[in-house]
>>> print(open('data.pdb').read())   # PDB, C-alpha atoms
ATOM      1  CA  MET D   1    -116.546-104.330-121.327  1.00  0.00           C
ATOM      2  CA  ARG D   2    -114.957-102.723-124.372  1.00  0.00           C
ATOM      3  CA  TYR D   3    -113.306-100.073-122.146  1.00  0.00           C
ATOM      4  CA  TRP D   4    -111.710-102.799-120.003  1.00  0.00           C
ATOM      5  CA  ARG D   5    -110.283-104.578-123.054  1.00  0.00           C
ATOM      6  CA  LYS D   6    -108.778-101.375-124.418  1.00  0.00           C
ATOM      7  CA  ARG D   7    -107.290-100.525-121.045  1.00  0.00           C
ATOM      8  CA  PHE D   8    -105.892-104.044-120.624  1.00  0.00           C
ATOM      9  CA  ALA D   9    -104.348-103.923-124.102  1.00  0.00           C
ATOM     10  CA  LEU D  10    -102.802-100.527-123.369  1.00  0.00           C
ATOM     11  CA  CYS D  11    -101.348-101.754-120.055  1.00  0.00           C
ATOM     12  CA  MET D  12     -99.891-104.830-121.730  1.00  0.00           C
ATOM     13  CA  ALA D  13     -98.314-102.717-124.467  1.00  0.00           C
ATOM     14  CA  LEU D  14     -96.798-100.308-121.950  1.00  0.00           C
ATOM     15  CA  ALA D  15     -95.472-103.153-119.805  1.00  0.00           C
ATOM     16  CA  PHE D  16     -93.841-104.743-122.827  1.00  0.00           C
ATOM     17  CA  MET D  17     -92.265-101.463-123.917  1.00  0.00           C
ATOM     18  CA  HIS D  18     -90.741-101.062-120.466  1.00  0.00           C
ATOM     19  CA  GLY D  19     -89.290-104.567-120.377  1.00  0.00           C
ATOM     20  CA  ALA D  20     -91.693-106.129-117.889  1.00  0.00           C
ATOM     21  CA  PHE D  21     -91.829-109.415-119.765  1.00  0.00           C
ATOM     22  CA  ALA D  22     -89.182-112.127-119.656  1.00  0.00           C
ATOM     23  CA  GLU D  23     -86.725-112.383-122.494  1.00  0.00           C
ATOM     24  CA  SER D  24     -88.597-115.419-123.851  1.00  0.00           C
ATOM     25  CA  ALA D  25     -91.387-113.006-124.843  1.00  0.00           C
ATOM     26  CA  LEU D  26     -89.093-111.178-127.272  1.00  0.00           C
ATOM     27  CA  THR D  27     -89.980-111.573-130.913  1.00  0.00           C
ATOM     28  CA  GLY D  28     -87.356-112.265-133.548  1.00  0.00           C
ATOM     29  CA  GLU D  29     -87.430-108.603-134.574  1.00  0.00           C
ATOM     30  CA  GLN D  30     -86.913-107.488-130.976  1.00  0.00           C
ATOM     31  CA  VAL D  31     -83.951-109.862-130.606  1.00  0.00           C
ATOM     32  CA  ARG D  32     -82.521-108.419-133.840  1.00  0.00           C
ATOM     33  CA  GLN D  33     -82.874-104.938-132.343  1.00  0.00           C
ATOM     34  CA  VAL D  34     -81.030-106.128-129.213  1.00  0.00           C
ATOM     35  CA  GLU D  35     -78.297-107.612-131.432  1.00  0.00           C
ATOM     36  CA  GLN D  36     -78.068-104.316-133.349  1.00  0.00           C
ATOM     37  CA  ALA D  37     -77.804-102.301-130.126  1.00  0.00           C
ATOM     38  CA  LEU D  38     -75.097-104.654-128.823  1.00  0.00           C
ATOM     39  CA  TYR D  39     -73.261-104.370-132.157  1.00  0.00           C
ATOM     40  CA  ASN D  40     -73.452-100.564-132.063  1.00  0.00           C
ATOM     41  CA  LEU D  41     -71.795-100.684-128.635  1.00  0.00           C
ATOM     42  CA  GLY D  42     -69.111-103.151-129.783  1.00  0.00           C
ATOM     43  CA  TYR D  43     -70.326-106.287-127.987  1.00  0.00           C
ATOM     44  CA  HIS D  44     -71.817-108.289-130.899  1.00  0.00           C
ATOM     45  CA  SER D  45     -70.611-109.202-134.383  1.00  0.00           C
ATOM     46  CA  ASP D  46     -72.400-107.884-137.446  1.00  0.00           C
ATOM     47  CA  HIS D  47     -74.151-111.257-137.901  1.00  0.00           C
ATOM     48  CA  PHE D  48     -77.740-110.883-136.714  1.00  0.00           C
ATOM     49  CA  ASP D  49     -79.893-114.015-136.725  1.00  0.00           C
ATOM     50  CA  SER D  50     -82.717-112.740-134.485  1.00  0.00           C
ATOM     51  CA  GLN D  51     -82.178-115.572-131.988  1.00  0.00           C
ATOM     52  CA  LEU D  52     -81.051-115.569-128.365  1.00  0.00           C
ATOM     53  CA  ASN D  53     -78.258-118.022-129.147  1.00  0.00           C
ATOM     54  CA  GLY D  54     -74.759-118.433-127.742  1.00  0.00           C
ATOM     55  CA  GLU D  55     -73.257-115.417-129.508  1.00  0.00           C
ATOM     56  CA  THR D  56     -76.044-113.083-128.451  1.00  0.00           C
ATOM     57  CA  ARG D  57     -76.026-114.376-124.871  1.00  0.00           C
ATOM     58  CA  ALA D  58     -72.228-113.948-124.683  1.00  0.00           C
ATOM     59  CA  ALA D  59     -72.616-110.378-125.957  1.00  0.00           C
ATOM     60  CA  LEU D  60     -75.351-109.744-123.375  1.00  0.00           C
ATOM     61  CA  LEU D  61     -73.115-111.167-120.640  1.00  0.00           C
ATOM     62  CA  SER D  62     -70.213-108.905-121.618  1.00  0.00           C
ATOM     63  CA  PHE D  63     -72.537-105.907-121.844  1.00  0.00           C
ATOM     64  CA  GLN D  64     -73.983-106.642-118.414  1.00  0.00           C
ATOM     65  CA  MET D  65     -70.561-107.059-116.802  1.00  0.00           C
ATOM     66  CA  ALA D  66     -69.211-103.864-118.354  1.00  0.00           C
ATOM     67  CA  ASN D  67     -72.253-101.881-117.269  1.00  0.00           C
ATOM     68  CA  GLY D  68     -72.519-103.139-113.689  1.00  0.00           C
ATOM     69  CA  LEU D  69     -75.644-105.233-114.218  1.00  0.00           C
ATOM     70  CA  GLU D  70     -76.266-108.734-112.926  1.00  0.00           C
ATOM     71  CA  ALA D  71     -74.321-110.869-115.429  1.00  0.00           C
ATOM     72  CA  THR D  72     -76.820-113.504-116.587  1.00  0.00           C
ATOM     73  CA  GLY D  73     -76.595-113.431-120.369  1.00  0.00           C
ATOM     74  CA  ASP D  74     -80.373-112.955-120.454  1.00  0.00           C
ATOM     75  CA  ALA D  75     -82.233-110.047-121.995  1.00  0.00           C
ATOM     76  CA  ASP D  76     -83.825-109.043-118.697  1.00  0.00           C
ATOM     77  CA  ALA D  77     -85.693-105.809-117.999  1.00  0.00           C
ATOM     78  CA  ALA D  78     -82.679-103.936-116.577  1.00  0.00           C
ATOM     79  CA  THR D  79     -80.492-104.917-119.537  1.00  0.00           C
ATOM     80  CA  LEU D  80     -83.093-103.923-122.107  1.00  0.00           C
ATOM     81  CA  ALA D  81     -83.729-100.619-120.339  1.00  0.00           C
ATOM     82  CA  LEU D  82     -80.018 -99.732-120.343  1.00  0.00           C
ATOM     83  CA  LEU D  83     -79.619-100.782-123.982  1.00  0.00           C
ATOM     84  CA  ARG D  84     -82.476 -98.446-124.914  1.00  0.00           C
ATOM     85  CA  SER D  85     -81.352 -95.570-122.693  1.00  0.00           C
ATOM     86  CA  GLY D  86     -78.351 -94.350-124.655  1.00  0.00           C
ATOM     87  CA  ASP D  87     -76.367 -94.276-121.391  1.00  0.00           C
ATOM     88  CA  ALA D  88     -74.682 -97.671-121.715  1.00  0.00           C
ATOM     89  CA  LEU D  89     -70.914 -98.031-121.636  1.00  0.00           C
ATOM     90  CA  SER D  90     -69.511 -99.239-124.959  1.00  0.00           C
ATOM     91  CA  CYS D  91     -67.117-102.159-125.051  1.00  0.00           C
ATOM     92  CA  HIS D  92     -64.307 -99.811-126.121  1.00  0.00           C
ATOM     93  CA  ASP D  93     -64.948 -97.363-123.294  1.00  0.00           C
ATOM     94  CA  TYR D  94     -65.146-100.224-120.802  1.00  0.00           C
ATOM     95  CA  MET D  95     -61.829-101.653-121.985  1.00  0.00           C
ATOM     96  CA  VAL D  96     -60.172 -98.216-121.773  1.00  0.00           C
ATOM     97  CA  ALA D  97     -61.510 -97.688-118.239  1.00  0.00           C
ATOM     98  CA  LEU D  98     -60.439-101.192-117.269  1.00  0.00           C
ATOM     99  CA  SER D  99     -56.938-100.699-118.623  1.00  0.00           C
ATOM    100  CA  GLU D 100     -56.622 -97.364-116.829  1.00  0.00           C
ATOM    101  CA  SER D 101     -57.783 -98.875-113.534  1.00  0.00           C
ATOM    102  CA  GLU D 102     -55.385-101.776-113.908  1.00  0.00           C
ATOM    103  CA  ALA D 103     -52.387 -99.672-114.995  1.00  0.00           C
ATOM    104  CA  ALA D 104     -50.814 -99.975-111.547  1.00  0.00           C
ATOM    105  CA  LEU D 105     -50.632-103.751-111.780  1.00  0.00           C
ATOM    106  CA  ILE D 106     -47.350-105.489-112.432  1.00  0.00           C
ATOM    107  CA  PRO D 107     -46.950-106.054-116.171  1.00  0.00           C
ATOM    108  CA  MET D 108     -46.767-109.623-117.449  1.00  0.00           C
ATOM    109  CA  GLU D 109     -44.376-110.687-120.128  1.00  0.00           C
ATOM    110  CA  SER D 110     -44.793-113.357-122.757  1.00  0.00           C
ATOM    111  CA  GLY D 111     -44.207-116.745-121.146  1.00  0.00           C
ATOM    112  CA  ALA D 112     -45.349-115.626-117.684  1.00  0.00           C
ATOM    113  CA  THR D 113     -47.141-118.200-115.529  1.00  0.00           C
ATOM    114  CA  GLY D 114     -49.117-118.301-112.331  1.00  0.00           C
ATOM    115  CA  GLU D 115     -52.304-117.162-110.684  1.00  0.00           C
ATOM    116  CA  GLY D 116     -52.116-113.667-112.181  1.00  0.00           C
ATOM    117  CA  VAL D 117     -52.024-115.116-115.700  1.00  0.00           C
ATOM    118  CA  TRP D 118     -54.925-117.468-114.885  1.00  0.00           C
ATOM    119  CA  THR D 119     -56.958-114.519-113.554  1.00  0.00           C
ATOM    120  CA  LEU D 120     -56.238-112.538-116.715  1.00  0.00           C
ATOM    121  CA  GLN D 121     -57.222-115.486-118.907  1.00  0.00           C
ATOM    122  CA  ARG D 122     -60.437-115.990-116.938  1.00  0.00           C
ATOM    123  CA  SER D 123     -61.343-112.297-117.233  1.00  0.00           C
ATOM    124  CA  LEU D 124     -60.726-112.344-120.980  1.00  0.00           C
ATOM    125  CA  GLN D 125     -62.715-115.580-121.265  1.00  0.00           C
ATOM    126  CA  THR D 126     -65.671-114.057-119.425  1.00  0.00           C
ATOM    127  CA  LEU D 127     -65.634-111.131-121.843  1.00  0.00           C
ATOM    128  CA  GLY D 128     -65.509-113.493-124.814  1.00  0.00           C
ATOM    129  CA  TYR D 129     -61.938-112.700-125.908  1.00  0.00           C
ATOM    130  CA  TYR D 130     -60.274-115.941-124.758  1.00  0.00           C
ATOM    131  CA  THR D 131     -61.843-119.162-125.984  1.00  0.00           C
ATOM    132  CA  VAL D 132     -59.505-121.911-124.731  1.00  0.00           C
ATOM    133  CA  GLU D 133     -59.112-123.416-121.266  1.00  0.00           C
ATOM    134  CA  CYS D 134     -57.480-121.192-118.651  1.00  0.00           C
ATOM    135  CA  ASP D 135     -54.126-122.754-117.736  1.00  0.00           C
ATOM    136  CA  GLY D 136     -52.154-119.946-116.131  1.00  0.00           C
ATOM    137  CA  VAL D 137     -49.506-119.914-118.866  1.00  0.00           C
TER     138      VAL D 137
END
>>> encode(input="data.pdb", output="structure tokens")
Amino acid sequence: MRYWRKRFALCMALAFMHGAFAESALTGEQVRQVEQALYNLGYHSDHFDSQLNGETRAALLSFQMANGLEATGDADAATLALLRSGDALSCHDYMVALSESEAALIPMESGATGEGVWTLQRSLQTLGYYTVECDGV
């Protein structure tokens, strides 16, 4: 019986370390570590409150989008694994790559309007850089 308990405890610990539990199972310290990792990559401010609140979820969403993950804003297993891997794309590197890939687009000038402006606003809003309603102006 004792062997089974030890084995069960070991399996649970390994599963947790590999992100097999839902984000609701994260402790405050683990959320703080996620916030720190997101900050180190340029997605989170330097204010860590150890809670999966709006700021942390927005940072997770931006991180997921930039790194080709399903954009949920949740600290799911794939997100946690990439954060821990050291292979994640930083916000700066993502923005540089994005600007290089979009360099062929027609530039917009101040005062421009239309669908292209709305799309730009929506993209910036999704990344957390535009906080007002998208109006295409």
>>> resolve_selection(input="data.pdb", expression="the PyMOL selection byres ((chain D and resi 52-56) around 9)", output="ChimeraX atom specification")
/D:23-24,28,31,34-35,38,43-45,48-51,57-61,73-75
>>> resolve_selection(input="data.pdb", expression="the PyMOL selection byres ((chain D and resi 86-89) around 12)", output="ChimeraX atom specification")
/D:37-38,40-43,62-69,78-85,90-98
>>> axis_aligned_box(input="data.pdb", around="segment 88-106 of chain D", padding_each_side="6 Å", output="JSON")
{"center_x": -61.0, "center_y": -101.4, "center_z": -118.8, "size_x": 39.3, "size_y": 20.1, "size_z": 26.6}
>>> atom_distance(input="data.pdb", atom1="atom CA of Asp46 of chain D", atom2="atom CA of Gly128 of chain D")
15.4 Å
>>> closest_residue(input="data.pdb", among="D:Val137, D:His47, D:Asp76, D:Leu127", to="Glu109 of chain D", atoms="only C-alpha atoms")
D:Val137
>>> closest_residue(input="data.pdb", among="D:Trp118, D:Thr72, D:Gln33, D:Glu102", to="Tyr130 of chain D", atoms="all atoms listed in the file")
D:Trp118
>>> atom_distance(input="data.pdb", atom1="atom CA of Thr27 of chain D", atom2="atom CA of Ala77 of chain D")
14.8 Å
>>> atom_distance(input="data.pdb", atom1="atom CA of Ala103 of chain D", atom2="atom CA of Leu120 of chain D")
13.5 Å
>>> resolve_selection(input="data.pdb", expression="the PyMOL selection byres ((chain D and resi 121) around 12)", output="ChimeraX atom specification")
/D:112-120,122-137
